[in-house]
Amino acid sequence: MDEYGKTIYKGLEDNKENMKSGTYEIDFGTEFNDLLNSEGGTETLNIAFQSAWNAYTYDNMDVFYIDVENLTLLTQTTTIAGISTHRVRLSNGDNATYLKSNFTAQGKIDGKLNLLSAMREEMKKQLQNLSDYDKIREVHYWLVNNIEYDSNLEAEEPYSISGALTEGKAVCEGYARAFKYIMDGLGIPCVLVSGTATNSSGLTESHAWNYVYLNDQWYAIDVTWDDPIIIGDGYIPDDTMYQYFLKGRNTFLTTHVEDGYLTDNSLEFAFPELSASDY
């Protein structure tokens, strides 16, 4: 991110607790005054905001209750003797709240976060005596066996750790966010990755997965694709369950393509370089 994006990111990070209200304003004062007095400054600031939000939500798996569509970057401009001064704040704008509608009830956010934290702490306790490799393998196994791919988007939160871990239903982003959330709790470096992937039927679609750091190398894990939809009383054989587990770039990137532009109107992000070979 550029310096403007880093400033916005820090504002989000410093006010994580405050933003649970859905109406708290982050006041940046005249921090961006010089930028907004320059040509193209407004566009640059908007890109910085989108990039900061992308990075923040890719780092913080537990911020799933904010609707970024209702989060507004407002600029108040005062001009005296031909000199303009710009004050910028991040708020709900004309919206009643920037919380998602299913998290506006009092106590709903903290209740959900407490439950998720307790689940992660229990898993950490159970895995504390294992090697990092075994921790990664056990978490992967647990997610595959406890999350159902939400083909019909029946879950309240299919794209987040809330849907994946408390509802047991998620799409690829929910799987990947759940994996990173647990890895973060275990102290194992892990990133959320987005892009496109082409399956065995030749269908290419938007997708999300993870890179995890093990023994001084980064490896790819696609929990979603290791959890195929099983019809009836079938089971998942090991060779299917670990087909996309700790893979290097020579194999994994033949089907998966990273996209550093996480959303439109944002800066490009660089993901860690994978090991050439599988683990």
# chains A, B, ... in the order shown; residues from 1 in each chain; ligands from 1
call {"tool": "closest_atom_pairs", "arguments": {"of": "stretch 155-178 of chain A", "to": "stretch 185-195 of chain A", "cutoff": "12 Å", "atoms": "only C-alpha atoms", "output": "JSON lines"}}
result
{"residue": "A:Ser160", "atom": "CA", "partner": "A:Leu192", "partner_atom": "CA", "distance": 12.0}
{"residue": "A:Cys172", "atom": "CA", "partner": "A:Ser194", "partner_atom": "CA", "distance": 9.7}
{"residue": "A:Glu173", "atom": "CA", "partner": "A:Ser194", "partner_atom": "CA", "distance": 8.3}
{"residue": "A:Gly174", "atom": "CA", "partner": "A:Leu192", "partner_atom": "CA", "distance": 10.4}
{"residue": "A:Tyr175", "atom": "CA", "partner": "A:Leu192", "partner_atom": "CA", "distance": 10.2}
{"residue": "A:Ala176", "atom": "CA", "partner": "A:Leu192", "partner_atom": "CA", "distance": 6.4}
{"residue": "A:Arg177", "atom": "CA", "partner": "A:Leu192", "partner_atom": "CA", "distance": 6.7}
{"residue": "A:Ala178", "atom": "CA", "partner": "A:Leu192", "partner_atom": "CA", "distance": 9.8}
call {"tool": "residues_around", "arguments": {"residues": "stretch 12-22 of chain A", "least_positions_apart": "2", "cutoff": "8 Å", "atoms": "only C-alpha atoms", "output": "list in words"}}
result
Ile8, Tyr9, Lys10, Tyr24, Glu25, Ile26, Tyr56, Ile66, Asn92, Thr97, Tyr98, Leu99, Thr104 and Ile109 of chain A
call {"tool": "select_by_dssp", "arguments": {"residues": "stretch 3-244 of chain A", "states": "strand (DSSP E)", "output": "JSON, numbers by chain"}}
result
{"A": [26, 27, 28, 29, 72, 73, 74, 75, 76, 77, 78, 79, 80, 83, 84, 85, 86, 87, 88, 89, 90, 91, 148, 149, 169, 170, 190, 191, 192, 193, 194, 195, 196, 197, 198, 204, 205, 206, 207, 208, 209, 210, 211, 212, 213, 214, 217, 218, 219, 220, 221]}
call {"tool": "residues_around", "arguments": {"residues": "stretch 31-42 of chain A", "least_positions_apart": "4", "cutoff": "9 Å", "atoms": "only C-alpha atoms", "output": "number ranges by chain"}}
result
A: 4, 7, 46-47, 84-88
call {"tool": "select_by_dssp", "arguments": {"residues": "stretch 99-164 of chain A", "states": "helix (DSSP H, G or I)", "output": "MDAnalysis selection string"}}
result
chainID A and resid 101:103 108:127 132:146 161:164
call {"tool": "residues_around", "arguments": {"residues": "A:Thr204", "least_positions_apart": "6", "cutoff": "12 Å", "atoms": "only C-alpha atoms", "output": "PDB file with N, CA and C atoms, in the first residue's frame"}}
result
ATOM      1  N   GLY A 195      -8.188 -15.411  -6.418  1.00  0.00           N
ATOM      2  CA  GLY A 195      -7.847 -15.451  -7.834  1.00  0.00           C
ATOM      3  C   GLY A 195      -8.864 -16.284  -8.576  1.00  0.00           C
ATOM      4  N   THR A 196      -8.383 -17.045  -9.530  1.00  0.00           N
ATOM      5  CA  THR A 196      -9.248 -17.961 -10.273  1.00  0.00           C
ATOM      6  C   THR A 196      -8.638 -19.349 -10.245  1.00  0.00           C
ATOM      7  N   ALA A 197      -9.490 -20.342 -10.443  1.00  0.00           N
ATOM      8  CA  ALA A 197      -9.017 -21.729 -10.476  1.00  0.00           C
ATOM      9  C   ALA A 197      -9.808 -22.494 -11.526  1.00  0.00           C
ATOM     10  N   THR A 198      -9.133 -23.427 -12.184  1.00  0.00           N
ATOM     11  CA  THR A 198      -9.758 -24.235 -13.228  1.00  0.00           C
ATOM     12  C   THR A 198      -9.826 -25.676 -12.764  1.00  0.00           C
ATOM     13  N   THR A 255      -3.326 -24.977 -11.880  1.00  0.00           N
ATOM     14  CA  THR A 255      -4.786 -24.885 -11.817  1.00  0.00           C
ATOM     15  C   THR A 255      -5.272 -23.607 -11.140  1.00  0.00           C
ATOM     16  N   HIS A 256      -4.417 -22.948 -10.375  1.00  0.00           N
ATOM     17  CA  HIS A 256      -4.796 -21.753  -9.617  1.00  0.00           C
ATOM     18  C   HIS A 256      -3.989 -20.550 -10.096  1.00  0.00           C
ATOM     19  N   VAL A 257      -4.655 -19.427 -10.254  1.00  0.00           N
ATOM     20  CA  VAL A 257      -4.000 -18.192 -10.696  1.00  0.00           C
ATOM     21  C   VAL A 257      -4.298 -17.081  -9.691  1.00  0.00           C
TER      22      VAL A 257
END
call {"tool": "closest_residue", "arguments": {"among": "A:Glu122, A:Asp259, A:Ala208, A:Asp184", "to": "A:Ala170", "atoms": "only C-alpha atoms"}}
result
A:Ala208
call {"tool": "closest_residue", "arguments": {"among": "A:Val139, A:Val68, A:Met1, A:Leu214", "to": "A:Ala55", "atoms": "only C-alpha atoms"}}
result
A:Met1
call {"tool": "atom_distance", "arguments": {"atom1": "atom CA of A:Tyr219", "atom2": "atom CA of A:Ser206"}}
result
20.1 Å
call {"tool": "atom_distance", "arguments": {"atom1": "atom CA of A:Gly11", "atom2": "atom CA of A:Arg89"}}
result
10.0 Å
call {"tool": "closest_residue", "arguments": {"among": "A:Gly93, A:Gly248, A:Gly107, A:Gly202", "to": "A:Thr72", "atoms": "only C-alpha atoms"}}
result
A:Gly93
call {"tool": "closest_residue", "arguments": {"among": "A:Thr30, A:Ser91, A:Thr78, A:Gln50", "to": "A:Asp2", "atoms": "only C-alpha atoms"}}
result
A:Gln50
